[in-house]
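Here is run37.txt, consisting of compact mmCIF, C-alpha atoms and all ligand atoms:
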```txt
# COMPACT_ATOMS: atom_id res chain seq x y z
CA MET A 1 -8.15 27.88 -0.95
CA ALA A 2 -4.59 26.76 -1.69
CA ASN A 3 -2.31 27.57 -4.62
CA GLN A 4 -0.91 24.88 -6.94
CA TRP A 5 1.76 23.94 -4.38
CA GLY A 6 -0.86 23.38 -1.69
CA ILE A 7 0.07 26.63 0.09
CA PRO A 8 -2.96 28.16 1.80
CA LYS A 9 -3.95 31.61 0.55
CA GLU A 10 -3.35 33.35 3.88
CA ILE A 11 0.18 31.90 4.15
CA GLU A 12 0.87 32.86 0.55
CA GLU A 13 -0.21 36.45 1.23
CA ALA A 14 1.81 36.72 4.45
CA VAL A 15 4.94 35.34 2.77
CA LEU A 16 4.54 37.71 -0.19
CA LYS A 17 4.43 40.60 2.28
CA ARG A 18 7.44 39.29 4.24
CA ASP A 19 9.95 38.08 1.60
CA HIS A 20 11.04 40.83 -0.77
CA ARG A 21 14.45 39.25 -1.40
CA CYS A 22 15.69 35.68 -1.68
CA VAL A 23 15.61 34.25 1.85
CA TYR A 24 18.89 32.42 1.21
CA CYS A 25 21.27 34.60 -0.79
CA GLY A 26 19.53 37.87 0.03
CA SER A 27 19.60 39.08 -3.59
CA GLU A 28 16.76 41.09 -5.07
CA PHE A 29 14.43 39.22 -7.40
CA GLY A 30 14.89 40.03 -11.07
CA LEU A 31 13.76 39.16 -14.57
CA GLU A 32 16.73 36.95 -15.40
CA ARG A 33 15.63 33.31 -14.85
CA ALA A 34 18.06 32.50 -12.02
CA LYS A 35 16.94 35.62 -10.18
CA MET A 36 13.22 35.09 -10.55
CA ARG A 37 11.33 34.44 -7.37
CA SER A 38 10.05 30.94 -6.58
CA TRP A 39 8.07 29.26 -3.81
CA GLU A 40 10.21 27.33 -1.38
CA HIS A 41 9.50 24.76 1.35
CA ILE A 42 12.52 25.29 3.62
CA ILE A 43 12.05 21.74 4.83
CA ASN A 44 11.37 19.93 1.57
CA ASP A 45 8.01 18.61 2.63
CA ILE A 46 5.00 19.98 0.82
CA SER A 47 2.80 18.99 3.76
CA ILE A 48 4.50 21.62 5.98
CA ALA A 49 2.70 24.67 4.68
CA THR A 50 3.37 26.93 7.66
CA ILE A 51 4.62 30.51 7.73
CA GLU A 52 7.90 29.16 9.23
CA ASN A 53 8.42 26.76 6.34
CA ILE A 54 7.14 28.60 3.27
CA ALA A 55 9.39 31.28 1.82
CA LEU A 56 10.39 32.98 -1.40
CA CYS A 57 13.82 32.37 -2.83
CA CYS A 58 15.45 32.94 -6.19
CA ILE A 59 15.33 30.13 -8.75
CA GLY A 60 19.13 29.89 -8.57
CA CYS A 61 19.08 29.06 -4.84
CA ASN A 62 16.04 26.81 -5.25
CA ALA A 63 17.82 24.73 -7.89
CA SER A 64 21.06 24.67 -5.92
CA LYS A 65 19.34 23.46 -2.73
CA GLY A 66 17.23 20.92 -4.62
CA GLY A 67 16.10 18.06 -2.36
CA LYS A 68 18.81 18.71 0.26
CA LEU A 69 18.17 19.40 3.93
CA LEU A 70 18.77 23.07 4.70
CA ASN A 71 21.86 22.49 6.87
CA GLU A 72 23.30 19.98 4.46
CA TRP A 73 22.96 22.48 1.63
CA LEU A 74 24.26 25.44 3.64
CA ASP A 75 27.41 23.48 4.47
CA SER A 76 27.89 22.31 0.89
CA PRO A 77 30.28 23.81 -1.70
CA ARG A 78 27.23 24.49 -3.92
CA ALA A 79 25.79 26.97 -1.41
CA LYS A 80 29.20 28.51 -0.80
CA LEU A 81 29.64 28.94 -4.53
CA ARG A 82 26.46 31.01 -4.55
CA GLY A 83 27.75 33.10 -1.67
CA VAL A 84 25.04 31.81 0.65
CA ALA A 85 26.13 31.97 4.28
CA GLU A 86 24.63 32.67 7.72
CA ASN A 87 24.92 36.40 7.14
CA THR A 88 22.89 36.27 3.91
CA LEU A 89 19.99 34.27 5.41
CA ALA A 90 16.69 36.00 6.09
CA PRO A 91 15.34 35.55 9.65
CA VAL A 92 12.93 32.81 8.57
CA ALA A 93 15.79 30.74 7.12
CA LEU A 94 18.05 31.50 10.10
CA THR A 95 15.37 30.30 12.50
CA ALA A 96 14.95 27.11 10.51
CA ARG A 97 18.73 26.58 10.53
CA ASP A 98 18.96 27.21 14.28
CA ARG A 99 16.09 24.88 15.05
CA ALA A 100 17.64 22.14 12.93
CA LYS A 101 20.96 22.68 14.75
CA GLN A 102 19.21 22.01 18.07
CA ILE A 103 18.46 18.56 16.72
CA PRO A 104 21.88 16.93 16.56
CA ASP A 105 20.40 13.65 15.44
CA CYS A 106 17.38 13.73 13.18
CA GLU A 107 15.83 10.94 15.25
CA THR A 108 15.66 13.09 18.41
CA PRO A 109 13.63 16.24 17.80
CA ALA A 110 13.48 19.05 20.36
CA THR A 111 10.82 18.08 22.89
CA GLY A 112 7.61 20.05 22.86
CA SER A 113 8.43 21.70 19.57
CA SER A 114 5.90 21.05 16.87
CA PHE A 115 8.41 22.46 14.40
CA GLY A 116 10.89 19.87 15.67
CA ASP A 117 8.34 17.16 15.00
CA GLU A 118 7.91 18.45 11.51
CA ILE A 119 11.65 18.42 10.98
CA LYS A 120 11.81 14.85 12.20
CA SER A 121 9.07 13.66 9.88
CA ALA A 122 10.54 15.51 6.93
CA THR A 123 14.07 14.34 7.52
CA SER A 124 13.05 10.74 7.95
CA VAL A 125 11.52 10.89 4.47
CA LEU A 126 14.43 12.82 3.02
CA SER A 127 17.29 10.81 4.41
CA SER A 128 20.63 11.40 2.75
CA GLN A 129 20.98 7.65 2.05
CA PRO A 130 20.94 6.80 -1.66
CA THR A 131 17.39 5.94 -2.73
CA PRO A 132 17.05 2.34 -3.97
CA MET A 133 15.89 1.86 -7.57
CA LEU A 134 12.16 1.39 -8.15
CA HIS A 135 11.20 -1.86 -9.89
CA LEU A 136 7.70 -2.20 -11.32
CA HIS A 137 6.31 -5.54 -12.52
CA HIS A 138 3.63 -4.80 -15.04
CA CYS A 139 1.25 -6.26 -17.66
CA VAL A 140 0.09 -3.99 -20.49
CA SER A 141 -2.81 -1.77 -19.29
CA ALA A 142 -3.44 -3.86 -16.15
CA ARG A 143 -3.85 -2.14 -12.77
CA SER A 144 -0.06 -1.76 -12.74
CA PHE A 145 -0.67 1.08 -15.21
CA ARG A 146 -1.53 3.18 -12.13
CA PRO A 147 2.01 3.19 -10.66
CA LEU A 148 3.52 3.34 -14.16
CA TRP A 149 1.57 6.53 -14.88
CA MET A 150 2.63 7.90 -11.47
CA LEU A 151 6.29 7.16 -12.20
CA GLU A 152 5.97 9.09 -15.45
CA GLU A 153 4.15 11.99 -13.75
CA LEU A 154 6.98 12.16 -11.20
CA GLN A 155 9.65 11.56 -13.86
CA LEU A 156 11.46 9.11 -11.59
CA PRO A 157 14.08 6.60 -12.68
CA TYR A 158 12.63 3.07 -12.59
CA GLN A 159 12.96 -0.35 -14.14
CA LEU A 160 9.93 -1.83 -15.83
CA HIS A 161 9.57 -5.62 -15.85
CA MET A 162 6.92 -6.68 -18.34
CA LEU A 163 4.93 -9.87 -17.81
CA PRO A 164 2.48 -11.78 -20.03
CA PHE A 165 -1.09 -11.81 -18.74
CA PRO A 166 -2.03 -13.54 -16.49
CA PRO A 167 1.41 -14.00 -14.91
CA ARG A 168 -0.01 -16.68 -12.57
CA ALA A 169 -0.37 -18.96 -15.62
CA LYS A 170 2.13 -17.55 -18.12
CA ALA A 171 5.07 -16.55 -15.92
CA ARG A 172 4.95 -18.98 -13.01
CA TRP A 173 8.37 -17.90 -11.74
CA PHE A 174 6.67 -14.63 -10.77
CA LEU A 175 4.84 -16.44 -7.93
CA ASP A 176 8.17 -16.53 -6.08
CA GLU A 177 8.25 -12.74 -6.29
CA ASN A 178 4.57 -12.23 -5.50
CA PRO A 179 2.65 -15.25 -4.18
CA LEU A 180 -0.61 -13.55 -5.25
CA GLY A 181 0.54 -13.81 -8.86
CA THR A 182 -0.93 -10.37 -9.51
CA VAL A 183 0.45 -7.16 -10.94
CA PRO A 184 1.46 -4.61 -9.94
CA LEU A 185 4.38 -5.55 -7.77
CA LEU A 186 6.46 -2.53 -6.81
CA VAL A 187 9.81 -3.11 -5.16
CA GLN A 188 12.11 -0.45 -3.75
CA GLY A 189 14.79 -1.82 -1.44
CA ASP A 190 12.93 -3.54 1.38
CA VAL A 191 9.60 -2.03 0.32
CA ARG A 192 7.35 -4.51 -1.53
CA MET A 193 3.84 -3.45 -2.46
CA THR A 194 1.03 -5.25 -4.32
CA GLU A 195 -1.84 -2.72 -4.20
CA SER A 196 -1.94 -0.25 -7.07
CA ALA A 197 -3.80 2.56 -5.28
CA ALA A 198 -1.46 2.31 -2.27
CA MET A 199 1.48 2.64 -4.69
CA CYS A 200 0.02 5.88 -6.06
CA GLN A 201 -0.20 7.21 -2.51
CA TYR A 202 3.31 5.94 -1.66
CA LEU A 203 4.95 7.53 -4.70
CA ALA A 204 3.11 10.82 -4.21
CA ALA A 205 3.91 10.97 -0.49
CA THR A 206 7.59 10.14 -0.93
CA HIS A 207 7.95 12.90 -3.54
CA PRO A 208 5.93 15.70 -1.94
CA ASP A 209 7.58 18.49 -3.93
CA ALA A 210 5.89 17.20 -7.09
CA GLY A 211 2.52 18.24 -5.65
CA LEU A 212 0.65 14.98 -6.42
CA ASP A 213 0.12 14.27 -2.72
CA VAL A 214 -2.44 15.80 -0.36
CA ALA A 215 -1.10 16.38 3.14
CA PRO A 216 -2.98 15.24 6.28
CA THR A 217 -3.24 18.92 7.25
CA HIS A 218 -4.98 19.82 3.98
CA PRO A 219 -8.80 20.13 4.10
CA ALA A 220 -9.05 17.76 1.12
CA PHE A 221 -7.03 14.97 2.78
CA GLY A 222 -10.11 12.89 3.60
CA ALA A 223 -11.52 13.24 0.11
CA TYR A 224 -8.12 12.36 -1.35
CA LEU A 225 -7.90 9.09 0.60
CA ASN A 226 -11.52 8.33 -0.20
CA TRP A 227 -10.90 8.62 -3.95
CA LEU A 228 -7.72 6.57 -3.74
CA HIS A 229 -9.49 3.73 -1.96
CA MET A 230 -12.64 4.05 -4.03
CA SER A 231 -10.62 3.74 -7.22
CA ASP A 232 -9.99 0.07 -6.64
CA ALA A 233 -12.37 -1.14 -3.93
CA THR A 234 -15.50 0.39 -5.46
CA LEU A 235 -14.74 1.14 -9.11
CA THR A 236 -12.35 -1.57 -10.31
CA PHE A 237 -13.88 -4.37 -8.25
CA PRO A 238 -17.13 -4.68 -10.31
CA GLN A 239 -15.09 -4.28 -13.50
CA THR A 240 -13.04 -7.37 -12.67
CA LEU A 241 -16.24 -9.45 -12.51
CA VAL A 242 -17.24 -8.13 -15.94
CA LEU A 243 -13.79 -9.05 -17.25
CA ARG A 244 -13.72 -12.47 -15.71
CA TYR A 245 -17.22 -13.64 -16.67
CA GLY A 246 -17.35 -11.80 -19.99
CA ARG A 247 -13.82 -12.37 -21.29
CA PHE A 248 -11.32 -14.42 -19.33
CA GLU A 249 -13.36 -17.56 -18.58
CA PRO A 250 -13.87 -20.22 -21.27
CA ALA A 251 -17.20 -20.18 -23.14
CA GLU A 252 -18.93 -22.71 -20.86
CA ARG A 253 -18.18 -20.62 -17.74
CA LYS A 254 -19.13 -17.21 -19.18
CA GLN A 255 -22.00 -15.53 -17.34
CA PRO A 256 -23.77 -12.79 -19.33
CA GLN A 257 -25.99 -11.91 -16.35
CA VAL A 258 -22.94 -11.17 -14.19
CA VAL A 259 -21.49 -9.06 -16.99
CA GLU A 260 -24.69 -7.05 -17.31
CA ASP A 261 -25.24 -6.62 -13.56
CA TYR A 262 -21.70 -5.59 -12.74
CA SER A 263 -21.41 -3.28 -15.74
CA ARG A 264 -24.45 -1.48 -14.33
CA TRP A 265 -22.92 -1.60 -10.85
CA PHE A 266 -19.73 0.05 -12.10
CA LEU A 267 -21.63 2.76 -13.99
CA ALA A 268 -23.77 3.44 -10.92
CA ARG A 269 -20.70 3.82 -8.69
CA LEU A 270 -19.14 6.12 -11.28
CA ARG A 271 -21.90 8.61 -10.49
CA ALA A 272 -19.74 9.69 -7.54
CA VAL A 273 -17.13 10.93 -10.02
CA GLU A 274 -19.75 12.66 -12.18
CA ALA A 275 -21.27 14.38 -9.14
CA ALA A 276 -17.93 15.50 -7.70
CA LEU A 277 -16.76 17.02 -10.99
CA THR A 278 -20.11 18.65 -11.70
CA HIS A 279 -20.60 20.15 -8.23
CA SER A 280 -17.04 21.32 -7.67
CA GLY A 281 -16.67 22.71 -11.18
CA SER A 282 -13.04 21.60 -10.80
CA GLU A 283 -11.03 19.84 -13.47
CA HIS A 284 -9.81 17.35 -10.85
CA LEU A 285 -11.29 15.16 -8.15
CA CYS A 286 -9.96 16.89 -5.06
CA ALA A 287 -7.72 19.63 -3.66
CA GLY A 288 -8.41 21.74 -6.77
CA ARG A 289 -5.40 20.24 -8.56
CA PHE A 290 -4.18 17.05 -10.22
CA THR A 291 -3.25 14.44 -7.58
CA ALA A 292 -2.48 10.73 -7.28
CA ALA A 293 -6.25 10.23 -6.80
CA ASP A 294 -6.81 11.30 -10.42
CA VAL A 295 -4.31 8.67 -11.57
CA ALA A 296 -5.96 5.95 -9.48
CA VAL A 297 -9.51 6.81 -10.61
CA GLY A 298 -8.28 7.53 -14.16
CA TYR A 299 -7.22 3.91 -14.48
CA ALA A 300 -10.78 2.76 -13.70
CA LEU A 301 -11.90 4.93 -16.63
CA LEU A 302 -9.27 3.35 -18.88
CA LEU A 303 -10.55 -0.07 -17.87
CA GLY A 304 -14.13 1.10 -18.45
CA GLN A 305 -13.10 2.10 -21.96
CA HIS A 306 -11.63 -1.37 -22.59
CA LEU A 307 -14.95 -2.80 -21.45
CA GLY A 308 -16.81 -0.67 -23.99
CA LEU A 309 -18.52 1.36 -21.25
CA ALA A 310 -17.00 4.79 -21.99
CA PRO A 311 -19.99 5.99 -24.05
CA GLN A 312 -22.11 5.55 -20.91
CA PHE A 313 -19.89 7.77 -18.72
CA GLY A 314 -21.66 11.01 -17.72
CA PRO A 315 -20.70 14.21 -19.61
CA ALA A 316 -18.42 15.59 -16.88
CA THR A 317 -16.70 12.21 -16.55
CA GLN A 318 -16.24 11.97 -20.32
CA ALA A 319 -14.62 15.41 -20.44
CA TYR A 320 -12.45 14.54 -17.42
CA TRP A 321 -11.36 11.29 -19.09
CA GLN A 322 -10.42 13.19 -22.27
CA ARG A 323 -8.32 15.62 -20.20
CA LEU A 324 -6.53 12.81 -18.37
CA GLN A 325 -5.57 11.18 -21.66
CA GLN A 326 -4.05 14.46 -22.86
CA ARG A 327 -1.52 14.45 -20.03
CA PRO A 328 2.00 13.96 -21.38
CA ALA A 329 2.81 11.52 -18.55
CA TYR A 330 -0.24 9.39 -19.40
CA GLN A 331 0.82 9.29 -23.03
CA ARG A 332 4.43 8.48 -22.11
CA ALA A 333 3.27 5.63 -19.86
CA MET A 334 1.24 4.21 -22.78
CA GLU A 335 4.23 4.39 -25.11
CA VAL A 336 6.72 3.08 -22.55
CA GLN A 337 4.66 -0.05 -21.80
CA MET A 338 4.30 -0.91 -25.49
CA ARG A 339 7.99 -0.38 -26.22
CA ALA A 340 9.01 -2.37 -23.13
CA ALA A 341 6.66 -5.22 -24.07
CA GLU A 342 8.19 -5.41 -27.54
CA VAL A 343 11.77 -5.24 -26.29
CA GLN A 344 11.14 -7.81 -23.53
CA GLY A 345 9.25 -10.20 -25.85
CA VAL A 346 5.88 -9.95 -24.09
CA PRO A 347 2.55 -9.71 -25.97
CA THR A 348 1.41 -6.11 -26.48
CA THR A 349 -2.29 -7.03 -26.12
CA PRO A 350 -3.69 -5.01 -23.22
CA ALA A 351 -4.49 -7.33 -20.27
CA PRO A 352 -8.24 -6.44 -20.29
CA ASP A 353 -8.46 -7.52 -23.95
CA THR A 354 -6.90 -10.92 -23.30
CA ARG A 355 -9.01 -13.93 -24.27
CA PRO A 356 -8.53 -17.54 -23.10
N1 LIG B 1 -6.18 -4.77 -5.66
C1 LIG B 1 -5.01 -5.08 -6.45
C2 LIG B 1 -5.45 -6.08 -7.53
C3 LIG B 1 -4.31 -6.62 -8.35
C4 LIG B 1 -4.84 -7.50 -9.46
O1 LIG B 1 -5.78 -8.31 -9.26
N2 LIG B 1 -4.26 -7.37 -10.65
C5 LIG B 1 -4.72 -8.11 -11.80
C6 LIG B 1 -4.41 -7.32 -13.07
S1 LIG B 1 -5.42 -5.91 -13.24
C7 LIG B 1 -3.96 -9.40 -11.94
O2 LIG B 1 -2.76 -9.42 -11.80
N3 LIG B 1 -4.66 -10.48 -12.28
C8 LIG B 1 -4.04 -11.72 -12.56
C9 LIG B 1 -4.62 -12.84 -11.75
O3 LIG B 1 -5.53 -12.60 -10.96
O4 LIG B 1 -4.12 -13.94 -11.91
C10 LIG B 1 -4.48 -3.79 -7.05
O5 LIG B 1 -5.18 -2.77 -7.07
O6 LIG B 1 -3.32 -3.74 -7.44
```
Serialized structure, structure tokens:
Amino acid sequence: MANQWGIPKEIEEAVLKRDHRCVYCGSEFGLERAKMRSWEHIINDISIATIENIALCCIGCNASKGGKLLNEWLDSPRAKLRGVAENTLAPVALTARDRAKQIPDCETPATGSSFGDEIKSATSVLSSQPTPMLHLHHCVSARSFRPLWMLEELQLPYQLHMLPFPPRAKARWFLDENPLGTVPLLVQGDVRMTESAAMCQYLAATHPDAGLDVAPTHPAFGAYLNWLHMSDATLTFPQTLVLRYGRFEPAERKQPQVVEDYSRWFLARLRAVEAALTHSGSEHLCAGRFTAADVAVGYALLLGQHLGLAPQFGPATQAYWQRLQQRPAYQRAMEVQMRAAEVQGVPTTPAPDTRP
């Protein structure tokens, strides 16, 4: 059983016993906000939930260190301003500093040291290079809503490029950007992605401190990946046939039998969600907390609602869907896409409600 930061119970208990003062500045915890105790990943990687990497520090030090590497922060004026120095570090922080020092170049970890490997993987994610801006190409309430919702959950800066639906026909220039003609397209520097569920995983994994990711070391990692993949391959796939042959095709090509069969197919596959929620008694699909998998599967429920299938969701799924819609980030994503569509002169009709 892990806490909300993915820290296993036994590690949490051991750290609570070990750290009675801030592991960085050495001050006693207090009631004043800056002095309150907070959970800290010494290497800012939520997937490293080891006794060497989890510690308690005061909120003041936590905020000052932010996303910085430990050594980078310790050498910075911000740490000095707080009076943090080698002689104020608790042994766990000193060990982490010493180990990082043994690795002059982040690309060459100490051989045979699993901690060194962890440092390497964490530092390669948290390079000190400026992070390129995220650009999301999106149609109102299309699958690109998945990464949009994630961006709002993570409260990241991004630029939203609205497109009329379908872009393949109504914004042909977009084919130069994405030869598939589909949304989403997510661009960040050299990274270009066209799969919505993979984007959810990418954004969660590159911002591990937000707790929307599930680490490979976590017992729920397999379930997490399964939900992410299922969200599109198993749940959205039959929905697209319902959309195409019930809505998007001209009258002479509509196929009511396909609509009926694949609506039933979708509802049958959705039983996996109903069963998981019912049996686990959890409010979320996996890991006992809200993750990127809930965003990915949540979009299939939004699409199901557009298809008029929500009344046929099972009771646990209905309640889950209500909860997801209450999330401030979900609501912000809804508002943002409408406002952006208006400002950028793109129809506000949700893509699934488009007619020929
Ligand atoms: N598997 C992809 C599918 C992307 C996709 O087909 N997007 C639809 C919108 S939901 C699209 O752009 N359709 C326009 C078209 O096919 O021309 C994903 O999950 O992102």
Give me, as number ranges by chain, the set of residues whose atoms come within 7 Å of any atom of ligand LIG 1 (chain B), counting only C-alpha atoms and all ligand atoms. A: 142-144, 165-168, 181-184, 194-197, 232
Which residues of stretch 256-316 of chain A come within 8 Å of stretch 236-244 of chain A, and what is each one's closest atom pair and distance in Å (one decimal), counting all atoms listed in the file, sorted by chain and residue number, as a tab-separated table?
```
residue	atom	partner	partner_atom	distance
A:Val258	CA	A:Val242	CA	6.7
A:Val259	CA	A:Val242	CA	4.5
A:Glu260	CA	A:Val242	CA	7.7
A:Tyr262	CA	A:Pro238	CA	5.3
A:Ser263	CA	A:Val242	CA	6.4
A:Trp265	CA	A:Pro238	CA	6.6
A:Phe266	CA	A:Pro238	CA	5.7
A:Ala300	CA	A:Thr236	CA	5.7
A:Leu303	CA	A:Gln239	CA	7.6
A:Gly304	CA	A:Gln239	CA	7.4
A:Leu307	CA	A:Leu243	CA	7.6
```
Using C-alpha atoms, can you write the selected residues to a file as a short mmCIF file (atom, residue, chain, number, x, y, z; two decimals), in the coordinates of the input?
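Wrote part26.cif, looks like this:
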```
data_model
loop_
_atom_site.label_atom_id
_atom_site.label_comp_id
_atom_site.auth_asym_id
_atom_site.auth_seq_id
_atom_site.Cartn_x
_atom_site.Cartn_y
_atom_site.Cartn_z
CA VAL A 258 -22.94 -11.17 -14.19
CA VAL A 259 -21.49 -9.06 -16.99
CA GLU A 260 -24.69 -7.05 -17.31
CA TYR A 262 -21.70 -5.59 -12.74
CA SER A 263 -21.41 -3.28 -15.74
CA TRP A 265 -22.92 -1.60 -10.85
CA PHE A 266 -19.73 0.05 -12.10
CA ALA A 300 -10.78 2.76 -13.70
CA LEU A 303 -10.55 -0.07 -17.87
CA GLY A 304 -14.13 1.10 -18.45
CA LEU A 307 -14.95 -2.80 -21.45
#
```
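Straight-line separation from atom CA of A:Arg327 to atom CA of A:Tyr299: 13.2 Å.
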Compile the contact shell of A:Trp321 as an NGL selection string: residues with an atom at most 9 Å away, counting all atoms listed in the file, same-chain residues fewer than 5 positions apart removed. :A and (298 or 301-302 or 316 or 326)
Nearest to A:Met338 among A:Arg355, A:His207, A:His138, A:His284, with distances taken over only C-alpha atoms: which residue is it?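 Distance minimum relative to A:Met338 lands on A:His138.
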